[in-house]
$ cat start01.txt   # compact mmCIF, C-alpha atoms and all ligand atoms
# COMPACT_ATOMS: atom_id res chain seq x y z
CA MET A 10 -35.42 -0.92 38.82
CA GLU A 11 -33.01 -2.20 41.43
CA ILE A 12 -32.32 -5.93 41.97
CA ILE A 13 -31.27 -6.94 45.49
CA PRO A 14 -30.15 -10.58 45.82
CA LEU A 15 -31.79 -12.39 48.75
CA GLY A 16 -31.02 -16.09 48.71
CA PRO A 17 -28.09 -18.47 48.19
CA GLY A 18 -27.58 -17.96 44.45
CA PHE A 19 -31.21 -17.22 43.56
CA ALA A 20 -34.17 -15.05 44.73
CA ALA A 21 -34.11 -11.26 44.57
CA GLU A 22 -36.11 -8.27 45.72
CA LEU A 23 -37.11 -5.80 43.03
CA ARG A 24 -37.25 -2.15 44.04
CA GLY A 25 -38.43 0.81 42.02
CA VAL A 26 -41.06 -1.18 40.15
CA THR A 27 -44.66 -2.00 41.10
CA LEU A 28 -47.13 -4.61 39.95
CA ALA A 29 -49.13 -1.81 38.33
CA ASP A 30 -46.04 -0.71 36.33
CA VAL A 31 -45.68 -4.22 34.93
CA ALA A 32 -49.39 -4.37 34.05
CA ALA A 33 -49.29 -1.00 32.26
CA ASP A 34 -45.85 -0.77 30.71
CA ASP A 35 -44.01 -3.04 28.23
CA ALA A 36 -40.55 -1.92 29.32
CA ALA A 37 -41.34 -2.64 32.99
CA TYR A 38 -42.72 -6.06 32.03
CA LYS A 39 -39.59 -6.90 30.00
CA ALA A 40 -37.27 -5.91 32.87
CA VAL A 41 -39.23 -7.95 35.41
CA ARG A 42 -39.53 -10.90 33.02
CA ALA A 43 -35.75 -10.92 32.57
CA ALA A 44 -35.26 -10.81 36.35
CA PHE A 45 -37.74 -13.69 36.72
CA GLU A 46 -35.84 -15.85 34.20
CA GLU A 47 -32.57 -15.09 36.01
CA HIS A 48 -33.45 -15.14 39.72
CA SER A 49 -36.41 -17.61 39.86
CA VAL A 50 -37.99 -15.96 42.93
CA LEU A 51 -38.94 -12.26 42.92
CA VAL A 52 -40.06 -10.29 45.96
CA PHE A 53 -42.05 -7.04 45.73
CA ARG A 54 -42.62 -5.15 49.00
CA ASP A 55 -45.26 -2.60 50.02
CA GLN A 56 -47.58 -3.30 47.09
CA GLY A 57 -50.95 -2.92 48.83
CA VAL A 58 -52.18 -5.24 46.10
CA THR A 59 -55.82 -5.81 45.14
CA ASP A 60 -57.15 -8.95 43.44
CA GLU A 61 -57.58 -6.98 40.19
CA ALA A 62 -54.02 -5.62 40.29
CA GLN A 63 -52.62 -9.08 40.97
CA VAL A 64 -54.55 -10.57 38.04
CA ALA A 65 -53.51 -7.72 35.69
CA PHE A 66 -49.84 -8.20 36.65
CA SER A 67 -50.00 -11.99 36.34
CA ARG A 68 -51.69 -11.95 32.91
CA ARG A 69 -48.62 -10.28 31.45
CA PHE A 70 -46.65 -13.50 31.88
CA GLY A 71 -49.10 -15.84 30.19
CA PRO A 72 -52.52 -17.49 30.45
CA LEU A 73 -53.89 -17.83 33.97
CA GLU A 74 -55.20 -20.99 35.57
CA VAL A 75 -58.87 -21.03 36.50
CA THR A 76 -59.43 -22.23 40.06
CA PRO A 77 -61.18 -25.63 40.20
CA VAL A 78 -64.55 -26.17 41.86
CA ALA A 79 -63.31 -27.68 45.12
CA THR A 80 -60.94 -24.79 45.93
CA GLU A 81 -61.68 -21.36 47.45
CA GLY A 82 -61.87 -18.89 44.57
CA ALA A 83 -63.52 -21.47 42.25
CA GLY A 84 -64.20 -20.21 38.74
CA THR A 85 -61.90 -17.17 39.07
CA ASN A 86 -58.15 -16.77 38.49
CA LEU A 87 -57.55 -16.55 42.25
CA VAL A 88 -56.74 -19.30 44.72
CA ILE A 89 -57.60 -18.13 48.22
CA LEU A 90 -55.49 -19.78 50.92
CA THR A 91 -57.40 -18.92 54.04
CA THR A 92 -57.89 -20.30 57.50
CA ILE A 93 -60.97 -18.16 58.13
CA GLY A 94 -64.21 -20.15 57.85
CA LYS A 95 -67.68 -19.01 56.72
CA ASP A 96 -68.49 -17.86 60.25
CA GLY A 97 -65.54 -15.45 60.21
CA LYS A 98 -63.58 -17.51 62.75
CA VAL A 99 -60.28 -19.34 62.33
CA VAL A 100 -61.08 -22.97 61.44
CA PRO A 101 -59.94 -25.96 63.57
CA ALA A 102 -56.68 -27.71 62.60
CA ASP A 103 -58.51 -30.67 61.00
CA ASP A 104 -60.69 -28.47 58.77
CA ARG A 105 -60.34 -28.85 54.99
CA LEU A 106 -58.96 -25.29 54.76
CA ALA A 107 -56.27 -25.99 57.36
CA LEU A 108 -55.35 -29.34 55.76
CA ARG A 109 -54.83 -27.63 52.42
CA ASN A 110 -52.23 -25.38 54.03
CA LYS A 111 -50.67 -28.44 55.64
CA ALA A 112 -50.26 -30.08 52.23
CA ASN A 113 -48.52 -26.90 51.07
CA GLN A 114 -45.95 -27.50 53.80
CA LEU A 115 -44.45 -30.37 51.75
CA TRP A 116 -41.75 -29.35 49.24
CA HIS A 117 -43.51 -28.92 45.90
CA ALA A 118 -43.89 -26.97 42.70
CA ASP A 119 -47.38 -25.83 41.78
CA SER A 120 -49.51 -27.66 39.21
CA THR A 121 -47.01 -30.37 38.21
CA PHE A 122 -50.04 -32.69 38.38
CA LYS A 123 -52.04 -30.69 35.83
CA ALA A 124 -52.28 -31.41 32.10
CA ILE A 125 -50.74 -27.97 31.57
CA PRO A 126 -48.21 -27.31 34.32
CA ALA A 127 -47.47 -23.86 35.74
CA LEU A 128 -44.79 -21.45 34.60
CA ALA A 129 -45.11 -19.25 37.67
CA SER A 130 -47.15 -18.47 40.74
CA VAL A 131 -47.79 -15.07 42.26
CA LEU A 132 -48.67 -15.00 45.96
CA SER A 133 -49.73 -11.96 47.96
CA GLY A 134 -49.94 -11.77 51.72
CA ARG A 135 -53.25 -10.36 52.91
CA ILE A 136 -53.51 -11.41 56.58
CA MET A 137 -50.42 -12.79 58.27
CA PRO A 138 -49.92 -14.51 61.61
CA ALA A 139 -47.66 -12.69 64.10
CA GLN A 140 -45.19 -15.55 63.94
CA GLY A 141 -44.42 -18.35 61.50
CA GLY A 142 -46.22 -18.82 58.20
CA GLU A 143 -43.10 -18.10 56.12
CA THR A 144 -42.71 -19.53 52.63
CA GLU A 145 -39.42 -21.27 51.91
CA TYR A 146 -37.84 -21.74 48.47
CA VAL A 147 -34.98 -23.74 46.96
CA SER A 148 -33.57 -23.60 43.45
CA THR A 149 -33.90 -26.82 41.50
CA ARG A 150 -31.75 -25.19 38.80
CA LEU A 151 -28.86 -24.91 41.24
CA ALA A 152 -29.67 -28.44 42.46
CA TRP A 153 -29.33 -29.69 38.88
CA GLU A 154 -26.05 -27.85 38.43
CA ARG A 155 -24.64 -29.45 41.61
CA PHE A 156 -25.34 -32.99 40.36
CA SER A 157 -22.41 -34.88 38.85
CA PRO A 158 -22.42 -35.34 35.07
CA ALA A 159 -23.18 -39.04 35.68
CA THR A 160 -26.26 -38.20 37.79
CA GLN A 161 -27.39 -35.61 35.24
CA ARG A 162 -27.10 -38.19 32.45
CA LYS A 163 -29.10 -40.68 34.49
CA ILE A 164 -31.96 -38.28 35.30
CA GLU A 165 -32.10 -36.50 31.96
CA ASN A 166 -34.13 -39.18 30.23
CA LEU A 167 -36.30 -40.20 33.16
CA PHE A 168 -39.98 -39.29 33.42
CA ALA A 169 -41.82 -38.92 36.72
CA TRP A 170 -45.54 -39.40 37.28
CA HIS A 171 -47.32 -36.68 39.26
CA ASP A 172 -50.66 -37.03 41.02
CA TYR A 173 -52.47 -34.48 43.17
CA SER A 174 -54.07 -37.14 45.35
CA HIS A 175 -50.62 -38.64 46.07
CA SER A 176 -49.34 -35.48 47.80
CA ARG A 177 -52.69 -34.88 49.50
CA GLY A 178 -52.76 -38.51 50.65
CA LYS A 179 -49.62 -37.83 52.71
CA ILE A 180 -51.67 -35.39 54.81
CA ALA A 181 -55.02 -37.12 55.25
CA ALA A 182 -56.91 -39.94 53.54
CA ASN A 183 -59.74 -38.91 51.21
CA ILE A 184 -58.79 -35.23 51.28
CA VAL A 185 -59.32 -35.27 47.49
CA GLY A 186 -62.90 -36.07 46.49
CA ALA A 187 -63.82 -38.49 43.70
CA ALA A 188 -64.80 -35.70 41.28
CA GLU A 189 -61.57 -33.82 41.90
CA ARG A 190 -59.56 -37.01 41.45
CA ALA A 191 -61.30 -37.83 38.17
CA ALA A 192 -60.66 -34.30 36.89
CA LEU A 193 -56.94 -34.61 37.63
CA PRO A 194 -55.54 -37.81 36.08
CA PRO A 195 -51.81 -38.42 36.75
CA GLN A 196 -49.36 -36.57 34.49
CA CYS A 197 -45.90 -37.61 33.39
CA TRP A 198 -43.04 -35.12 32.90
CA ARG A 199 -39.39 -35.37 32.05
CA MET A 200 -37.44 -34.92 35.31
CA VAL A 201 -35.50 -31.99 33.90
CA TRP A 202 -36.95 -28.75 32.54
CA LYS A 203 -34.84 -26.66 30.18
CA ASN A 204 -35.53 -22.94 30.23
CA PRO A 205 -35.44 -21.70 26.60
CA ALA A 206 -34.60 -18.13 27.72
CA ASN A 207 -31.17 -19.10 29.03
CA GLY A 208 -30.68 -22.80 28.27
CA ARG A 209 -30.36 -23.63 31.97
CA ARG A 210 -31.81 -26.90 33.21
CA ALA A 211 -33.61 -27.63 36.46
CA LEU A 212 -34.65 -30.76 38.29
CA TYR A 213 -38.42 -31.09 37.85
CA ILE A 214 -40.05 -33.21 40.55
CA ALA A 215 -42.05 -32.47 43.70
CA SER A 216 -44.28 -33.85 46.45
CA HIS A 217 -46.76 -34.79 43.73
CA ALA A 218 -44.29 -37.21 42.05
CA TYR A 219 -45.11 -40.81 42.96
CA ALA A 220 -43.42 -42.99 40.35
CA ILE A 221 -40.75 -43.03 37.67
CA GLU A 222 -41.64 -44.44 34.27
CA GLY A 223 -40.15 -47.91 33.75
CA MET A 224 -38.51 -48.04 37.21
CA GLU A 225 -39.38 -50.48 39.95
CA ASN A 226 -41.38 -48.76 42.72
CA GLY A 227 -38.85 -49.13 45.57
CA ALA A 228 -35.99 -47.82 43.46
CA ALA A 229 -38.13 -44.95 42.19
CA GLN A 230 -39.18 -43.89 45.70
CA LYS A 231 -35.56 -44.00 46.81
CA LEU A 232 -34.35 -41.91 43.87
CA LEU A 233 -37.15 -39.32 44.21
CA ALA A 234 -36.43 -38.93 47.93
CA GLU A 235 -32.67 -38.63 47.34
CA LEU A 236 -33.14 -35.96 44.69
CA ILE A 237 -35.58 -33.92 46.77
CA ASP A 238 -33.27 -34.23 49.80
CA ALA A 239 -30.31 -33.03 47.73
CA ALA A 240 -32.29 -30.05 46.41
CA THR A 241 -33.64 -29.05 49.84
CA ALA A 242 -30.64 -29.70 52.12
CA PRO A 243 -30.05 -27.15 54.93
CA GLY A 244 -28.43 -23.88 53.86
CA LEU A 245 -29.82 -23.92 50.32
CA SER A 246 -33.09 -22.08 50.87
CA TYR A 247 -34.46 -18.57 50.86
CA GLU A 248 -37.16 -18.22 53.52
CA HIS A 249 -39.59 -15.39 52.96
CA SER A 250 -41.00 -13.78 56.10
CA TRP A 251 -44.24 -12.13 55.02
CA ARG A 252 -45.07 -8.51 55.68
CA LYS A 253 -48.38 -6.96 54.75
CA GLY A 254 -48.15 -5.71 51.17
CA ASP A 255 -45.64 -8.35 50.05
CA VAL A 256 -45.99 -10.13 46.74
CA VAL A 257 -43.72 -13.03 45.83
CA MET A 258 -43.51 -14.55 42.36
CA TRP A 259 -41.71 -17.82 41.67
CA ASP A 260 -40.71 -19.97 38.73
CA ASN A 261 -42.30 -23.42 39.13
CA ARG A 262 -39.90 -24.79 36.50
CA ALA A 263 -36.83 -23.97 38.57
CA THR A 264 -37.80 -23.94 42.26
CA LEU A 265 -39.52 -25.94 44.98
CA HIS A 266 -41.36 -24.23 47.80
CA ARG A 267 -43.13 -25.07 51.02
CA GLY A 268 -45.17 -23.17 53.56
CA ARG A 269 -43.96 -23.10 57.16
CA PRO A 270 -46.27 -23.73 60.12
CA TRP A 271 -47.79 -21.09 62.38
CA PRO A 272 -49.95 -21.23 65.52
CA ALA A 273 -53.24 -22.89 64.46
CA HIS A 274 -55.46 -20.32 66.19
CA GLU A 275 -54.02 -17.45 64.12
CA ALA A 276 -55.53 -16.36 60.81
CA ARG A 277 -53.53 -16.42 57.59
CA VAL A 278 -54.97 -15.29 54.26
CA MET A 279 -52.97 -15.39 51.02
CA VAL A 280 -54.12 -14.96 47.43
CA ARG A 281 -52.43 -16.77 44.57
CA THR A 282 -52.58 -16.42 40.81
CA THR A 283 -51.00 -19.15 38.71
CA ILE A 284 -49.63 -18.71 35.20
CA SER A 285 -49.72 -21.71 32.86
CA ALA A 286 -46.60 -22.70 30.94
CA THR A 287 -46.61 -22.38 27.14
CA ASP A 288 -44.31 -23.75 24.44
CA ALA A 289 -42.26 -20.55 24.69
CA ASP A 290 -41.55 -21.41 28.34
CA GLY A 291 -40.17 -24.82 27.38
CA LEU A 292 -43.40 -26.73 28.08
CA GLN A 293 -42.64 -30.40 27.52
CA ARG A 294 -44.50 -32.12 24.73
CA VAL A 295 -42.49 -35.34 24.68
CA ARG A 296 -44.38 -38.23 26.24
CA PRO A 297 -42.75 -41.33 27.72
CA PRO A 298 -42.53 -44.46 25.57
CA SER A 299 -45.33 -46.22 27.44
CA ARG A 300 -47.90 -45.39 30.08
CA GLN A 301 -48.04 -46.99 33.46
CA THR A 302 -51.03 -47.15 35.77
CA ALA A 303 -51.14 -45.54 39.22
CA GLU A 304 -49.55 -47.43 42.11
C1 LIG A 401 -48.87 -21.84 47.25
C2 LIG A 401 -48.15 -22.33 48.43
C3 LIG A 401 -47.30 -21.76 50.58
C4 LIG A 401 -47.63 -20.77 51.62
O1 LIG A 401 -49.56 -20.83 47.36
O2 LIG A 401 -48.72 -22.43 46.18
O3 LIG A 401 -47.60 -23.41 48.38
O4 LIG A 401 -46.72 -20.41 52.39
N1 LIG A 401 -48.12 -21.54 49.48
O5 LIG A 401 -48.79 -20.35 51.69
MN MN A 402 -47.62 -24.13 46.27

$ encode --input "start01.txt" --output "C-alpha cells"
Amino acid sequence: MEIIPLGPGFAAELRGVTLADVAADDAAYKAVRAAFEEHSVLVFRDQGVTDEAQVAFSRRFGPLEVTPVATEGAGTNLVILTTIGKDGKVVPADDRLALRNKANQLWHADSTFKAIPALASVLSGRIMPAQGGETEYVSTRLAWERFSPATQRKIENLFAWHDYSHSRGKIAANIVGAAERAALPPQCWRMVWKNPANGRRALYIASHAYAIEGMENGAAQKLLAELIDAATAPGLSYEHSWRKGDVVMWDNRATLHRGRPWPAHEARVMVRTTISATDADGLQRVRPPSRQTAE
C-alpha cells in the first residue's frame, strides 16, 4: 500500500489497496485503519464500487448507521444523495432532494446531532456533474493545534449543542418535518474530541452547533463562528474533484467538510455509508452539568 499526501497536512490517497481487500483481509484493514487515524481523509481511486462492496468495507470500521425514514435509502445502511427525481429527471433547485445537497454545502461533520455520533463516513461518486460538485475538507485536528494554549484551555471544557433542524433551518424553513425533528432531539458534545489511537485532539463543532452550554447566546454564536472561521480559513482545505470510481472516507471526529455547488440542471448521485463511533473511538460519555432548552 502506498500513501500519497494530498492536502495541507492531512488527507492522502491510498494506492495498491481496494475496498474489497479491506473487506476480506485483516492486514489490509489494519493498514487502512492506521492511515485513517493518521491522515483523517482517505481517497481511493478507480474502485468501481457497488453498494454491497461499500457496505462490506464500511462494516470493518464499526457499526453502520441505518438511514432514517425521511432520507433516500431509508431502512438500509446507504444514504443516497441524488438530484434525480422519481421521473428520472433532474429535480428543480427548490426540490427537497436539491435542498438536502444545499445543506451539505455548509461546513459540517456528519451526525454530530445524533445520539451516537459518527466515527467516519464513506462516500462514493456514482454520477458526477461535468463541473463543480467537489467535496472540500479541513482538519479540525490541525485547527486545534493552531489555537493558542489559552484558547485551547478555554474551549476544552465547553460543550456545544447540536441540532439537525438548526443547520437545515439555515437553508429553508420547515425542511425538517415534525416526525424527523422529534426523532432527533438536540445533543450536547464536548467541543474537543480526543482520538484514543494517537492522543491528538480536534475541535468538534459544525453547522449543526447552535449553542454553548452555560454561555449567553450572542457570545456563543460569536465564538462558534470564530472557531469555524479559523478552522476553514483559505489555504487550509483539501478539495476533492470527483472522478467516476472514487471513494472518499473521512474522520468526522477530526475534519469538517462541505459540498461545492454545480449547475442545477446537471445530475449528481453519491452514495454514503456512515460508521457510528464507539467507546474505542473516544466516544464522549461525559454530559454537561445541566441541560438547556433549545433557543
Ligand atoms: C455527505 C456530504 C457532500 C457532497 O455525504 O455527508 O456532506 O459533496 N456530502 O456530497
Ligand atoms: Mn456530510

$ residues_near_ligand --input "start01.txt" --ligand "ligand MN 402 (chain A)" --cutoff "9 Å" --atoms "all atoms listed in the file" --output "ChimeraX atom specification"
/A:112-120,130,261,265-268,281

$ write_last_selection --input "start01.txt" --atoms "C-alpha atoms" --output "PDB file, in the frame of the given file"
ATOM      1  CA  ALA A 112     -50.260 -30.080  52.230  1.00  0.00           C
ATOM      2  CA  ASN A 113     -48.520 -26.900  51.070  1.00  0.00           C
ATOM      3  CA  GLN A 114     -45.950 -27.500  53.800  1.00  0.00           C
ATOM      4  CA  LEU A 115     -44.450 -30.370  51.750  1.00  0.00           C
ATOM      5  CA  TRP A 116     -41.750 -29.350  49.240  1.00  0.00           C
ATOM      6  CA  HIS A 117     -43.510 -28.920  45.900  1.00  0.00           C
ATOM      7  CA  ALA A 118     -43.890 -26.970  42.700  1.00  0.00           C
ATOM      8  CA  ASP A 119     -47.380 -25.830  41.780  1.00  0.00           C
ATOM      9  CA  SER A 120     -49.510 -27.660  39.210  1.00  0.00           C
ATOM     10  CA  SER A 130     -47.150 -18.470  40.740  1.00  0.00           C
ATOM     11  CA  ASN A 261     -42.300 -23.420  39.130  1.00  0.00           C
ATOM     12  CA  LEU A 265     -39.520 -25.940  44.980  1.00  0.00           C
ATOM     13  CA  HIS A 266     -41.360 -24.230  47.800  1.00  0.00           C
ATOM     14  CA  ARG A 267     -43.130 -25.070  51.020  1.00  0.00           C
ATOM     15  CA  GLY A 268     -45.170 -23.170  53.560  1.00  0.00           C
ATOM     16  CA  ARG A 281     -52.430 -16.770  44.570  1.00  0.00           C
TER      17      ARG A 281
END

$ residues_around --input "start01.txt" --residues "Tyr146 of chain A" --least-positions-apart "5" --cutoff "12 Å" --atoms "all atoms listed in the file" --output "PDB file with C-alpha atoms, in the frame of the given file"
ATOM      1  CA  LEU A  15     -31.790 -12.390  48.750  1.00  0.00           C
ATOM      2  CA  GLY A  16     -31.020 -16.090  48.710  1.00  0.00           C
ATOM      3  CA  PRO A  17     -28.090 -18.470  48.190  1.00  0.00           C
ATOM      4  CA  GLY A  18     -27.580 -17.960  44.450  1.00  0.00           C
ATOM      5  CA  PHE A  19     -31.210 -17.220  43.560  1.00  0.00           C
ATOM      6  CA  ALA A  20     -34.170 -15.050  44.730  1.00  0.00           C
ATOM      7  CA  ALA A  21     -34.110 -11.260  44.570  1.00  0.00           C
ATOM      8  CA  HIS A  48     -33.450 -15.140  39.720  1.00  0.00           C
ATOM      9  CA  SER A  49     -36.410 -17.610  39.860  1.00  0.00           C
ATOM     10  CA  VAL A  50     -37.990 -15.960  42.930  1.00  0.00           C
ATOM     11  CA  LEU A  51     -38.940 -12.260  42.920  1.00  0.00           C
ATOM     12  CA  VAL A  52     -40.060 -10.290  45.960  1.00  0.00           C
ATOM     13  CA  GLN A 114     -45.950 -27.500  53.800  1.00  0.00           C
ATOM     14  CA  LEU A 115     -44.450 -30.370  51.750  1.00  0.00           C
ATOM     15  CA  TRP A 116     -41.750 -29.350  49.240  1.00  0.00           C
ATOM     16  CA  HIS A 117     -43.510 -28.920  45.900  1.00  0.00           C
ATOM     17  CA  ALA A 118     -43.890 -26.970  42.700  1.00  0.00           C
ATOM     18  CA  LEU A 151     -28.860 -24.910  41.240  1.00  0.00           C
ATOM     19  CA  ALA A 240     -32.290 -30.050  46.410  1.00  0.00           C
ATOM     20  CA  THR A 241     -33.640 -29.050  49.840  1.00  0.00           C
ATOM     21  CA  ALA A 242     -30.640 -29.700  52.120  1.00  0.00           C
ATOM     22  CA  PRO A 243     -30.050 -27.150  54.930  1.00  0.00           C
ATOM     23  CA  GLY A 244     -28.430 -23.880  53.860  1.00  0.00           C
ATOM     24  CA  LEU A 245     -29.820 -23.920  50.320  1.00  0.00           C
ATOM     25  CA  SER A 246     -33.090 -22.080  50.870  1.00  0.00           C
ATOM     26  CA  TYR A 247     -34.460 -18.570  50.860  1.00  0.00           C
ATOM     27  CA  GLU A 248     -37.160 -18.220  53.520  1.00  0.00           C
ATOM     28  CA  HIS A 249     -39.590 -15.390  52.960  1.00  0.00           C
ATOM     29  CA  SER A 250     -41.000 -13.780  56.100  1.00  0.00           C
ATOM     30  CA  VAL A 257     -43.720 -13.030  45.830  1.00  0.00           C
ATOM     31  CA  MET A 258     -43.510 -14.550  42.360  1.00  0.00           C
ATOM     32  CA  TRP A 259     -41.710 -17.820  41.670  1.00  0.00           C
ATOM     33  CA  ASP A 260     -40.710 -19.970  38.730  1.00  0.00           C
ATOM     34  CA  ASN A 261     -42.300 -23.420  39.130  1.00  0.00           C
ATOM     35  CA  ALA A 263     -36.830 -23.970  38.570  1.00  0.00           C
ATOM     36  CA  THR A 264     -37.800 -23.940  42.260  1.00  0.00           C
ATOM     37  CA  LEU A 265     -39.520 -25.940  44.980  1.00  0.00           C
ATOM     38  CA  HIS A 266     -41.360 -24.230  47.800  1.00  0.00           C
ATOM     39  CA  ARG A 267     -43.130 -25.070  51.020  1.00  0.00           C
ATOM     40  CA  GLY A 268     -45.170 -23.170  53.560  1.00  0.00           C
ATOM     41  CA  ARG A 269     -43.960 -23.100  57.160  1.00  0.00           C
TER      42      ARG A 269
END

$ closest_residue --input "start01.txt" --among "A:Ala43, A:Val278, A:Val100, A:Ala220" --to "Ala169 of chain A" --atoms "all atoms listed in the file"
A:Ala220

$ residues_around --input "start01.txt" --residues "segment 221-225 of chain A" --least-positions-apart "5" --cutoff "7 Å" --atoms "all atoms listed in the file" --output "compact mmCIF listing (two decimals) with C-alpha atoms, in the coordinates of the input"
# COMPACT_ATOMS: atom_id res chain seq x y z
CA LEU A 167 -36.30 -40.20 33.16
CA PHE A 168 -39.98 -39.29 33.42
CA ALA A 169 -41.82 -38.92 36.72
CA TRP A 170 -45.54 -39.40 37.28
CA GLN A 301 -48.04 -46.99 33.46

$ closest_residue --input "start01.txt" --among "A:Lys123, A:Arg54, A:Arg69, A:Arg210" --to "Ala37 of chain A" --atoms "all atoms listed in the file"
A:Arg69

$ closest_residue --input "start01.txt" --among "A:Arg109, A:His274, A:Arg252, A:His175" --to "ligand LIG 401 (chain A)" --atoms "all atoms listed in the file"
A:Arg109

$ closest_residue --input "start01.txt" --among "A:Glu154, A:Asp172, A:Glu165, A:Glu11" --to "Ala124 of chain A" --atoms "all atoms listed in the file"
A:Asp172

$ closest_residue --input "start01.txt" --among "A:Leu90, A:Ala102, A:Ala206, A:Val41" --to "ligand LIG 401 (chain A)" --atoms "all atoms listed in the file"
A:Leu90

$ closest_residue --input "start01.txt" --among "A:Asn166, A:Ile284, A:Leu23, A:Met10" --to "Ala36 of chain A" --atoms "all atoms listed in the file"
A:Met10

$ residues_around --input "start01.txt" --residues "Ala29 of chain A" --least-positions-apart "2" --cutoff "8 Å" --atoms "all atoms listed in the file" --output "PyMOL selection string"
chain A and resi 27+31-33+62+65-66

$ axis_aligned_box --input "start01.txt" --around "ligand LIG 401 (chain A)" --padding-each-side "4 Å" --output "JSON"
{"center_x": -48.1, "center_y": -21.9, "center_z": 49.3, "size_x": 10.8, "size_y": 11.1, "size_z": 14.2}

$ build_atoms --input "start01.txt" --residues "segment 38-50 of chain A" --atoms "N, CA, C and O atoms" --output "PDB file, in the frame of the given file"
ATOM      1  N   TYR A  38     -42.493  -4.609  32.133  1.00  0.00           N
ATOM      2  CA  TYR A  38     -42.720  -6.060  32.030  1.00  0.00           C
ATOM      3  C   TYR A  38     -41.441  -6.768  31.569  1.00  0.00           C
ATOM      4  O   TYR A  38     -41.029  -7.768  32.157  1.00  0.00           O
ATOM      5  N   LYS A  39     -40.799  -6.253  30.546  1.00  0.00           N
ATOM      6  CA  LYS A  39     -39.590  -6.900  30.000  1.00  0.00           C
ATOM      7  C   LYS A  39     -38.498  -6.997  31.056  1.00  0.00           C
ATOM      8  O   LYS A  39     -37.817  -8.025  31.172  1.00  0.00           O
ATOM      9  N   ALA A  40     -38.322  -5.927  31.835  1.00  0.00           N
ATOM     10  CA  ALA A  40     -37.270  -5.910  32.870  1.00  0.00           C
ATOM     11  C   ALA A  40     -37.588  -6.939  33.956  1.00  0.00           C
ATOM     12  O   ALA A  40     -36.704  -7.688  34.398  1.00  0.00           O
ATOM     13  N   VAL A  41     -38.852  -7.003  34.357  1.00  0.00           N
ATOM     14  CA  VAL A  41     -39.230  -7.950  35.410  1.00  0.00           C
ATOM     15  C   VAL A  41     -39.189  -9.377  34.877  1.00  0.00           C
ATOM     16  O   VAL A  41     -38.758 -10.306  35.565  1.00  0.00           O
ATOM     17  N   ARG A  42     -39.587  -9.560  33.629  1.00  0.00           N
ATOM     18  CA  ARG A  42     -39.530 -10.900  33.020  1.00  0.00           C
ATOM     19  C   ARG A  42     -38.084 -11.407  32.980  1.00  0.00           C
ATOM     20  O   ARG A  42     -37.810 -12.573  33.288  1.00  0.00           O
ATOM     21  N   ALA A  43     -37.163 -10.520  32.613  1.00  0.00           N
ATOM     22  CA  ALA A  43     -35.750 -10.920  32.570  1.00  0.00           C
ATOM     23  C   ALA A  43     -35.255 -11.277  33.971  1.00  0.00           C
ATOM     24  O   ALA A  43     -34.526 -12.269  34.147  1.00  0.00           O
ATOM     25  N   ALA A  44     -35.660 -10.509  34.967  1.00  0.00           N
ATOM     26  CA  ALA A  44     -35.260 -10.810  36.350  1.00  0.00           C
ATOM     27  C   ALA A  44     -35.848 -12.134  36.813  1.00  0.00           C
ATOM     28  O   ALA A  44     -35.196 -12.919  37.517  1.00  0.00           O
ATOM     29  N   PHE A  45     -37.073 -12.419  36.389  1.00  0.00           N
ATOM     30  CA  PHE A  45     -37.740 -13.690  36.720  1.00  0.00           C
ATOM     31  C   PHE A  45     -36.968 -14.870  36.122  1.00  0.00           C
ATOM     32  O   PHE A  45     -36.702 -15.872  36.807  1.00  0.00           O
ATOM     33  N   GLU A  46     -36.575 -14.756  34.853  1.00  0.00           N
ATOM     34  CA  GLU A  46     -35.840 -15.850  34.200  1.00  0.00           C
ATOM     35  C   GLU A  46     -34.497 -16.078  34.900  1.00  0.00           C
ATOM     36  O   GLU A  46     -34.024 -17.206  35.000  1.00  0.00           O
ATOM     37  N   GLU A  47     -33.908 -15.009  35.404  1.00  0.00           N
ATOM     38  CA  GLU A  47     -32.570 -15.090  36.010  1.00  0.00           C
ATOM     39  C   GLU A  47     -32.614 -15.538  37.470  1.00  0.00           C
ATOM     40  O   GLU A  47     -31.831 -16.385  37.883  1.00  0.00           O
ATOM     41  N   HIS A  48     -33.514 -14.969  38.260  1.00  0.00           N
ATOM     42  CA  HIS A  48     -33.450 -15.140  39.720  1.00  0.00           C
ATOM     43  C   HIS A  48     -34.465 -16.145  40.287  1.00  0.00           C
ATOM     44  O   HIS A  48     -34.385 -16.503  41.462  1.00  0.00           O
ATOM     45  N   SER A  49     -35.442 -16.546  39.500  1.00  0.00           N
ATOM     46  CA  SER A  49     -36.410 -17.610  39.860  1.00  0.00           C
ATOM     47  C   SER A  49     -37.429 -17.232  40.933  1.00  0.00           C
ATOM     48  O   SER A  49     -38.544 -17.732  40.914  1.00  0.00           O
ATOM     49  N   VAL A  50     -37.038 -16.429  41.910  1.00  0.00           N
ATOM     50  CA  VAL A  50     -37.990 -15.960  42.930  1.00  0.00           C
ATOM     51  C   VAL A  50     -37.850 -14.438  43.012  1.00  0.00           C
ATOM     52  O   VAL A  50     -36.735 -13.934  43.187  1.00  0.00           O
TER      53      VAL A  50
END
